[in-house]
Amino acid sequence: MAISALQQERAKYQPKLPKALKGNIIVFEGKATESVADQKDIKKLFPNTYGLPVIEFVPTDEKQELPVMNVGVILSGGQAPGGHNVISGLFDGLKSLNPSNKLYGFKGGPGGFVDNNVMELTSEIVAGYRNTGGFDIIGSGRTKLEETKQFDKGLENCKALDIKAVVIIGGDDSNTNACVLAEYYAQIEAGVQIIGCPKTIDGDLKNEMIEASFGFDTACKVYSELIGNIMRDANSAKKYWHFIKLMGRSASHIGLECALQTHPNICLISEEVAAKKQTLSNVVDSIADIISVRAEKGESFGVALIPEGLIEFIPEMKDLISELNDLLAEGTATAQAFSHVKKSHRVDWTAEKLSPKSSVVFRSLPEGIANQLTLDRDPHGNVQVSKIETEKLLIEMVEAELAERKLEGKFKGKFGAQNHFFGYEGRCAAPSNFDADYCYSLGYNAAALIGNGKTGYMSSIRNTTAPAESWIAGGVPITMMMNMERRHGHMKPVIQKALVELDGKPFSYFASQRNEWAVKTDFVYPGPIQYFGPARVCDRVTETLRLENA
Ligand code: FBP
């Protein structure tokens, strides 16, 4: 297979490890933990894995003699830069515990665990993937591990290969499932440990003990480079407003981080829109206001960042989407009837079935978007926000608003717009130095957790704004991150999703600057990820982490 010159150089990169993981270690156990909320319910549901202590690894001179063990690994959900380094760190960590240890990869995500689609990951195979982006070493998938039947099948498959521990690399949902699986295996004394690893470019799997999910750093740097390039084009041609939608299904962390790196004229934060209970037309007005002010200064160009999940945070849209989800849920009579309605009549047909309030909102949408809301659903019957062209919706609505203002003599400028969606461009990028080191450490650390007999823990590397040498390695009980939430009509234990905190330092800093960025052209052009050169360029952390830890 041909590989690029950069990839050849990058293959030689030895990711950094925290000092604690470089030699022999002992476990330092903290106090018993509590779940983040709903302690009574979570304790009852997780009697075997609740209340475990947070642990930290500390160096020692004594070498642990550990028996040979086989370990399995699963990549779950959307790709995130650095997944291959988690696997190479896990591989090296296991070999350092005992050179005869073996690592097996379940192929195609959690589905491979249930269906026994598995391969051994040898040192030759792992060598070809070190410091590369993507999840293609074993592939990923979105099968949910939720049912006892699946757990039992997985256990059978583990037993066949003498696998004593499984590492699940995933986001909040996958780690919630890892927690349930760990509890089940502990309860039936299956003899298989489960360890989670925090992955997602969305950045919404973080808390006091997990500073960042891996992949966020690289993805934001890639998007920021692209945004910077577009800003420079906008500032050169001075004729377009660029509306850029950024991935991040729910939380707006990616948008916020990219704004901190590039200083756009507009960056919407879904969590703020929800907190202020803004309507779609409030959002459109606020954008049109900034465009008008800049037009008065003769600057008929700019850049607006739109978080992917925006529409679900606008209260009236959220209600509309939830009504549409019920109306068009698979297997219902209404969904059946809908499939027979002529395409050109679908908007009218649907509007008539909605509540009066949602019907008005639905009819106010451009026809293309209204149709997208009725058509694009995931296997669980929910709207797939990555397929809703929110950036085009806003362009159309802002255009209409400005045309009205023009008629009233309130807008004299020009408005020409371009739309973009950055998501897949960054999810498999070659990991930044930060993600390469962080992921390798997370994987190596997962091996240490396994070697020390832990289950129901998430691999945790902290103090990440310091040089890697001083990072803190250990584990956090996953039950500590859980609370009860309503899912599909039932209360379920789930990891609490981390949304953008409106009183947090990253948002506060952004809020203190955005009015100036709106009017002035204060663009920053970050350029590509650098691997070689001064540390302040090559090893910088995200602005989010820097501000949070300042
Ligand atoms: P994870 O939560 O699994 O990490 O995936 C996140 C994400 O990249 C979102 O940002 C995006 O909405 C979604 O995946 C897209 O999903 P798909 O890969 O199925 O198109």
# chains A, B, ... in the order shown; residues from 1 in each chain; ligands from 1
$ residues_near_ligand --ligand "ligand 1" --cutoff "7 Å" --atoms "only C-alpha atoms and all ligand atoms" --output "PyMOL selection string"
chain A and resi 76-80+170-171+199-202+247-249+385-386+423+427
$ write_last_selection --atoms "N, CA and C atoms" --output "compact mmCIF listing (two decimals), in the first residue's frame"
# COMPACT_ATOMS: atom_id res chain seq x y z
N SER A 76 -16.22 2.10 18.75
CA SER A 76 -17.67 2.25 18.69
C SER A 76 -18.08 3.66 18.28
N GLY A 77 -18.99 3.77 17.34
CA GLY A 77 -19.54 5.08 16.95
C GLY A 77 -18.72 5.80 15.91
N GLY A 78 -18.87 7.13 15.87
CA GLY A 78 -18.22 7.95 14.84
C GLY A 78 -16.71 7.96 15.00
N GLN A 79 -16.01 8.05 13.88
CA GLN A 79 -14.54 8.08 13.91
C GLN A 79 -14.04 9.33 14.66
N ALA A 80 -12.87 9.22 15.23
CA ALA A 80 -12.23 10.37 15.89
C ALA A 80 -10.72 10.18 15.77
N GLY A 170 -15.35 4.57 22.92
CA GLY A 170 -16.57 5.17 22.40
C GLY A 170 -16.97 6.44 23.12
N GLY A 171 -18.13 6.97 22.72
CA GLY A 171 -18.66 8.20 23.31
C GLY A 171 -19.52 7.92 24.53
N LYS A 199 -13.95 8.72 23.73
CA LYS A 199 -13.77 9.14 22.34
C LYS A 199 -14.95 9.97 21.87
N THR A 200 -14.75 10.99 21.15
CA THR A 200 -15.71 11.69 20.30
C THR A 200 -15.18 13.06 19.94
N ILE A 201 -15.24 13.38 18.66
CA ILE A 201 -14.80 14.72 18.24
C ILE A 201 -15.72 15.77 18.85
N ASP A 202 -16.96 15.37 19.21
CA ASP A 202 -17.95 16.34 19.68
C ASP A 202 -17.54 17.01 21.00
N MET A 247 -19.78 20.01 12.72
CA MET A 247 -20.28 18.81 13.38
C MET A 247 -20.30 18.95 14.89
N GLY A 248 -21.02 18.04 15.49
CA GLY A 248 -21.22 18.06 16.94
C GLY A 248 -22.72 17.91 17.12
N ARG A 249 -23.16 16.68 17.10
CA ARG A 249 -24.60 16.38 17.06
C ARG A 249 -25.41 17.19 18.07
N VAL A 385 -29.55 15.06 12.52
CA VAL A 385 -29.24 16.48 12.36
C VAL A 385 -28.13 16.74 11.35
N SER A 386 -27.20 15.76 11.19
CA SER A 386 -26.11 16.03 10.24
C SER A 386 -26.65 16.13 8.81
N GLY A 423 -17.39 18.34 8.74
CA GLY A 423 -17.60 17.26 9.70
C GLY A 423 -16.68 16.12 9.34
N ARG A 427 -12.83 14.11 10.89
CA ARG A 427 -12.99 12.98 11.82
C ARG A 427 -11.90 11.91 11.69
$ select_by_dssp --residues "segment 1-138 of chain A" --states "strand (DSSP E)" --output "list in words"
Ile25, Ile26, Val27, Phe28, Glu29, Gly30, Lys31, Ala32, Pro53, Val54, Ile55, Glu56, Phe57, Val58, Pro59, Asn70, Val71, Gly72, Val73, Ile74, Leu75, Lys102, Leu103, Tyr104, Gly105, Phe106, Val118, Met119 and Glu120 of chain A
$ write_last_selection --atoms "C-alpha atoms" --output "PDB file, in the first residue's frame"
ATOM      1  CA  ILE A  25       3.468   1.155  38.864  1.00  0.00           C
ATOM      2  CA  ILE A  26       1.326   0.708  41.929  1.00  0.00           C
ATOM      3  CA  VAL A  27      -2.283   1.735  42.330  1.00  0.00           C
ATOM      4  CA  PHE A  28      -3.172   4.596  44.625  1.00  0.00           C
ATOM      5  CA  GLU A  29      -6.868   4.396  45.544  1.00  0.00           C
ATOM      6  CA  GLY A  30      -8.862   7.492  46.443  1.00  0.00           C
ATOM      7  CA  LYS A  31     -12.122   7.687  48.370  1.00  0.00           C
ATOM      8  CA  ALA A  32     -15.291   5.840  47.397  1.00  0.00           C
ATOM      9  CA  PRO A  53     -12.623   4.706  44.139  1.00  0.00           C
ATOM     10  CA  VAL A  54     -10.930   6.953  41.600  1.00  0.00           C
ATOM     11  CA  ILE A  55      -7.471   5.482  41.089  1.00  0.00           C
ATOM     12  CA  GLU A  56      -4.109   6.919  40.171  1.00  0.00           C
ATOM     13  CA  PHE A  57      -1.016   5.071  39.036  1.00  0.00           C
ATOM     14  CA  VAL A  58       2.228   5.980  40.744  1.00  0.00           C
ATOM     15  CA  PRO A  59       5.747   4.786  39.913  1.00  0.00           C
ATOM     16  CA  ASN A  70      -5.789 -11.980  26.103  1.00  0.00           C
ATOM     17  CA  VAL A  71      -7.667  -8.714  25.623  1.00  0.00           C
ATOM     18  CA  GLY A  72     -10.292  -7.583  23.101  1.00  0.00           C
ATOM     19  CA  VAL A  73     -10.872  -4.075  21.768  1.00  0.00           C
ATOM     20  CA  ILE A  74     -13.911  -2.444  20.127  1.00  0.00           C
ATOM     21  CA  LEU A  75     -14.146   0.892  18.280  1.00  0.00           C
ATOM     22  CA  LYS A 102      -2.441 -11.003  22.910  1.00  0.00           C
ATOM     23  CA  LEU A 103      -4.774  -8.299  21.607  1.00  0.00           C
ATOM     24  CA  TYR A 104      -7.866  -9.122  19.541  1.00  0.00           C
ATOM     25  CA  GLY A 105      -9.881  -6.537  17.623  1.00  0.00           C
ATOM     26  CA  PHE A 106     -13.639  -7.007  17.211  1.00  0.00           C
ATOM     27  CA  VAL A 118     -12.661 -10.812  15.261  1.00  0.00           C
ATOM     28  CA  MET A 119      -8.971 -10.714  14.312  1.00  0.00           C
ATOM     29  CA  GLU A 120      -5.733 -10.861  16.218  1.00  0.00           C
TER      30      GLU A 120
END
$ closest_residue --among "A:Lys387, A:Lys44, A:Lys239, A:Lys276" --to "Asn371 of chain A" --atoms "only C-alpha atoms"
A:Lys387
$ select_by_dssp --residues "segment 17-73 of chain A" --states "helix (DSSP H, G or I)" --output "ChimeraX atom specification"
/A:19-21,39-45
$ write_last_selection --atoms "all heavy atoms" --output "CSV table (one decimal), in the first residue's frame"
chain,number,residue,atom,x,y,z
A,19,LYS,N,4.9,10.1,33.0
A,19,LYS,CA,6.0,9.5,33.7
A,19,LYS,C,5.6,8.2,34.5
A,19,LYS,O,6.2,7.2,34.4
A,19,LYS,CB,6.6,10.5,34.8
A,19,LYS,CG,7.9,10.2,35.4
A,19,LYS,CD,8.4,11.4,36.1
A,19,LYS,CE,9.5,10.9,37.1
A,19,LYS,NZ,9.5,11.9,38.2
A,20,ALA,N,4.4,8.3,35.0
A,20,ALA,CA,3.8,7.2,35.8
A,20,ALA,C,3.7,5.9,35.0
A,20,ALA,O,3.7,4.9,35.6
A,20,ALA,CB,2.5,7.6,36.4
A,21,LEU,N,3.5,6.1,33.7
A,21,LEU,CA,3.3,4.8,32.9
A,21,LEU,C,4.6,4.3,32.3
A,21,LEU,O,4.5,3.3,31.6
A,21,LEU,CB,2.3,5.1,31.8
A,21,LEU,CG,0.8,5.4,32.3
A,21,LEU,CD1,-0.1,5.7,31.1
A,21,LEU,CD2,0.2,4.3,33.1
A,39,GLN,N,-28.1,9.3,43.0
A,39,GLN,CA,-27.2,8.3,43.6
A,39,GLN,C,-28.0,7.0,44.0
A,39,GLN,O,-27.5,5.9,43.8
A,39,GLN,CB,-26.5,8.9,44.9
A,39,GLN,CG,-25.5,9.9,44.6
A,39,GLN,CD,-26.1,11.3,44.3
A,39,GLN,OE1,-27.3,11.5,44.5
A,39,GLN,NE2,-25.3,12.3,43.9
A,40,LYS,N,-29.2,7.1,44.6
A,40,LYS,CA,-29.9,6.0,45.1
A,40,LYS,C,-30.2,5.0,44.0
A,40,LYS,O,-30.0,3.8,44.0
A,40,LYS,CB,-31.2,6.4,45.7
A,40,LYS,CG,-31.3,6.1,47.2
A,40,LYS,CD,-32.5,6.7,47.8
A,40,LYS,CE,-33.2,5.8,48.7
A,40,LYS,NZ,-34.4,6.6,49.2
A,41,ASP,N,-30.7,5.6,42.9
A,41,ASP,CA,-31.1,4.7,41.7
A,41,ASP,C,-29.9,4.1,41.1
A,41,ASP,O,-30.0,2.9,40.7
A,41,ASP,CB,-31.8,5.6,40.6
A,41,ASP,CG,-33.2,6.1,41.1
A,41,ASP,OD1,-33.8,5.4,41.9
A,41,ASP,OD2,-33.5,7.3,40.8
A,42,ILE,N,-28.9,4.9,40.9
A,42,ILE,CA,-27.7,4.3,40.2
A,42,ILE,C,-27.0,3.2,41.1
A,42,ILE,O,-26.7,2.1,40.6
A,42,ILE,CB,-26.6,5.4,39.9
A,42,ILE,CG1,-27.3,6.6,39.1
A,42,ILE,CG2,-25.4,4.9,39.2
A,42,ILE,CD1,-27.6,6.3,37.7
A,43,LYS,N,-27.0,3.4,42.4
A,43,LYS,CA,-26.4,2.4,43.3
A,43,LYS,C,-27.2,1.1,43.2
A,43,LYS,O,-26.6,0.0,43.2
A,43,LYS,CB,-26.5,3.0,44.7
A,43,LYS,CG,-25.7,2.2,45.7
A,43,LYS,CD,-25.7,2.9,47.0
A,43,LYS,CE,-24.9,2.0,48.0
A,43,LYS,NZ,-24.8,2.6,49.3
A,44,LYS,N,-28.5,1.3,43.1
A,44,LYS,CA,-29.4,0.1,43.1
A,44,LYS,C,-29.2,-0.7,41.8
A,44,LYS,O,-29.1,-1.9,41.7
A,44,LYS,CB,-30.8,0.5,43.2
A,44,LYS,CG,-31.8,-0.5,43.7
A,44,LYS,CD,-33.1,0.1,44.1
A,44,LYS,CE,-34.2,-0.9,43.9
A,44,LYS,NZ,-35.4,-0.3,43.6
A,45,LEU,N,-29.0,0.1,40.7
A,45,LEU,CA,-28.8,-0.6,39.4
A,45,LEU,C,-27.4,-1.2,39.2
A,45,LEU,O,-27.2,-2.0,38.3
A,45,LEU,CB,-29.1,0.4,38.2
A,45,LEU,CG,-30.6,0.8,38.1
A,45,LEU,CD1,-30.7,2.1,37.2
A,45,LEU,CD2,-31.4,-0.3,37.5
$ closest_residue --among "A:Leu145, A:Leu402, A:Ala275, A:Ile210" --to "Leu181 of chain A" --atoms "only C-alpha atoms"
A:Leu145
$ atom_distance --atom1 "atom CA of Phe338 of chain A" --atom2 "atom CA of Glu352 of chain A"
12.0 Å
$ residues_around --residues "Lys505 of chain A" --least-positions-apart "3" --cutoff "12 Å" --atoms "only C-alpha atoms" --output "list in words"
Leu256, Glu257, Leu260, Val500, Glu501, Leu502, Ser508, Tyr509, Phe510, Ala511, Ser512, Glu543, Thr544, Leu545, Arg546, Leu547, Glu548, Asn549 and Ala550 of chain A
$ residues_around --residues "segment 278-282 of chain A" --least-positions-apart "6" --cutoff "10 Å" --atoms "only C-alpha atoms" --output "MDAnalysis selection string"
chainID A and resid 270 272 288 310:311 313:317 361 364:365 394 397:398 401
$ residues_around --residues "Ala447 of chain A" --least-positions-apart "4" --cutoff "8 Å" --atoms "only C-alpha atoms" --output "PyMOL selection string"
chain A and resi 90-91+93-94+443+451
$ write_last_selection --atoms "all heavy atoms" --output "PDB file, in the first residue's frame"
ATOM      1  N   LEU A  90      -2.538   0.499  23.755  1.00  0.00           N
ATOM      2  CA  LEU A  90      -3.062  -0.679  24.461  1.00  0.00           C
ATOM      3  C   LEU A  90      -2.177  -1.895  24.168  1.00  0.00           C
ATOM      4  O   LEU A  90      -1.802  -2.650  25.068  1.00  0.00           O
ATOM      5  CB  LEU A  90      -4.508  -0.919  24.005  1.00  0.00           C
ATOM      6  CG  LEU A  90      -5.227  -2.152  24.535  1.00  0.00           C
ATOM      7  CD1 LEU A  90      -5.379  -2.098  26.055  1.00  0.00           C
ATOM      8  CD2 LEU A  90      -6.634  -2.271  23.894  1.00  0.00           C
ATOM      9  N   PHE A  91      -1.816  -2.031  22.885  1.00  0.00           N
ATOM     10  CA  PHE A  91      -0.968  -3.160  22.455  1.00  0.00           C
ATOM     11  C   PHE A  91       0.378  -3.114  23.191  1.00  0.00           C
ATOM     12  O   PHE A  91       0.807  -4.096  23.796  1.00  0.00           O
ATOM     13  CB  PHE A  91      -0.759  -3.075  20.931  1.00  0.00           C
ATOM     14  CG  PHE A  91       0.072  -4.180  20.371  1.00  0.00           C
ATOM     15  CD1 PHE A  91      -0.511  -5.387  20.010  1.00  0.00           C
ATOM     16  CD2 PHE A  91       1.443  -4.023  20.202  1.00  0.00           C
ATOM     17  CE1 PHE A  91       0.263  -6.421  19.490  1.00  0.00           C
ATOM     18  CE2 PHE A  91       2.222  -5.049  19.685  1.00  0.00           C
ATOM     19  CZ  PHE A  91       1.624  -6.252  19.329  1.00  0.00           C
ATOM     20  N   GLY A  93       1.156  -1.473  25.897  1.00  0.00           N
ATOM     21  CA  GLY A  93       0.953  -1.599  27.343  1.00  0.00           C
ATOM     22  C   GLY A  93       0.792  -3.063  27.739  1.00  0.00           C
ATOM     23  O   GLY A  93       1.383  -3.520  28.726  1.00  0.00           O
ATOM     24  N   LEU A  94       0.021  -3.799  26.940  1.00  0.00           N
ATOM     25  CA  LEU A  94      -0.190  -5.220  27.246  1.00  0.00           C
ATOM     26  C   LEU A  94       1.111  -6.001  27.126  1.00  0.00           C
ATOM     27  O   LEU A  94       1.429  -6.841  27.957  1.00  0.00           O
ATOM     28  CB  LEU A  94      -1.244  -5.817  26.299  1.00  0.00           C
ATOM     29  CG  LEU A  94      -2.690  -5.366  26.538  1.00  0.00           C
ATOM     30  CD1 LEU A  94      -3.597  -5.844  25.414  1.00  0.00           C
ATOM     31  CD2 LEU A  94      -3.189  -5.880  27.889  1.00  0.00           C
ATOM     32  N   GLY A 443      -4.604   4.389  25.844  1.00  0.00           N
ATOM     33  CA  GLY A 443      -4.563   2.955  25.546  1.00  0.00           C
ATOM     34  C   GLY A 443      -3.601   2.224  26.481  1.00  0.00           C
ATOM     35  O   GLY A 443      -3.919   1.166  27.027  1.00  0.00           O
ATOM     36  N   GLY A 451      -4.412  -4.871  33.845  1.00  0.00           N
ATOM     37  CA  GLY A 451      -3.398  -5.615  34.594  1.00  0.00           C
ATOM     38  C   GLY A 451      -3.650  -5.570  36.093  1.00  0.00           C
ATOM     39  O   GLY A 451      -3.300  -6.492  36.823  1.00  0.00           O
TER      40      GLY A 451
END
$ residues_around --residues "Pro431 of chain A" --least-positions-apart "3" --cutoff "7 Å" --atoms "only C-alpha atoms" --output "PyMOL selection string"
chain A and resi 81-82+131-133+218+435-436
$ write_last_selection --atoms "N, CA, C and O atoms" --output "short mmCIF file (atom, residue, chain, number, x, y, z; two decimals), in the first residue's frame"
data_model
loop_
_atom_site.label_atom_id
_atom_site.label_comp_id
_atom_site.auth_asym_id
_atom_site.auth_seq_id
_atom_site.Cartn_x
_atom_site.Cartn_y
_atom_site.Cartn_z
N PRO A 81 -9.98 11.25 15.41
CA PRO A 81 -8.54 11.11 15.22
C PRO A 81 -7.84 10.58 16.47
O PRO A 81 -8.08 11.11 17.57
N GLY A 82 -7.02 9.57 16.30
CA GLY A 82 -6.26 9.04 17.44
C GLY A 82 -6.68 7.64 17.86
O GLY A 82 -6.01 7.02 18.69
N ASN A 131 0.07 6.40 14.73
CA ASN A 131 -0.02 7.85 14.45
C ASN A 131 -0.81 8.18 13.19
O ASN A 131 -0.60 9.23 12.58
N THR A 132 -1.69 7.27 12.77
CA THR A 132 -2.53 7.58 11.60
C THR A 132 -3.95 7.90 12.08
O THR A 132 -4.36 7.51 13.17
N GLY A 133 -4.71 8.59 11.21
CA GLY A 133 -6.11 8.87 11.52
C GLY A 133 -6.96 7.66 11.17
O GLY A 133 -6.45 6.64 10.72
N THR A 218 -7.74 17.41 17.39
CA THR A 218 -7.38 17.36 15.97
C THR A 218 -8.51 17.89 15.10
O THR A 218 -8.27 18.70 14.18
N ASP A 435 -3.30 14.70 20.32
CA ASP A 435 -4.13 13.48 20.26
C ASP A 435 -3.28 12.22 20.13
O ASP A 435 -3.63 11.18 20.67
N ALA A 436 -2.16 12.32 19.39
CA ALA A 436 -1.29 11.14 19.26
C ALA A 436 -0.80 10.71 20.64
O ALA A 436 -0.84 9.53 21.01
#
$ residues_around --residues "Val167 of chain A" --least-positions-apart "2" --cutoff "6 Å" --atoms "only C-alpha atoms" --output "list of chain:residue names"
A:Val73, A:Ile194, A:Ile195, A:Gly196
$ closest_residue --among "A:Ala446, A:Ile472, A:Met482, A:Cys267" --to "Ser88 of chain A" --atoms "only C-alpha atoms"
A:Ala446
$ atom_distance --atom1 "atom CA of Asp285 of chain A" --atom2 "atom CA of Thr262 of chain A"
23.4 Å
$ closest_atom_pairs --of "segment 395-496 of chain A" --to "segment 185-191 of chain A" --cutoff "12 Å" --atoms "only C-alpha atoms" --output "JSON lines"
{"residue": "A:Ile450", "atom": "CA", "partner": "A:Gly191", "partner_atom": "CA", "distance": 11.9}
{"residue": "A:Gly453", "atom": "CA", "partner": "A:Gly191", "partner_atom": "CA", "distance": 10.1}
{"residue": "A:Lys454", "atom": "CA", "partner": "A:Ala186", "partner_atom": "CA", "distance": 10.8}
{"residue": "A:Thr455", "atom": "CA", "partner": "A:Ala186", "partner_atom": "CA", "distance": 8.1}
{"residue": "A:Gly456", "atom": "CA", "partner": "A:Ala186", "partner_atom": "CA", "distance": 8.9}
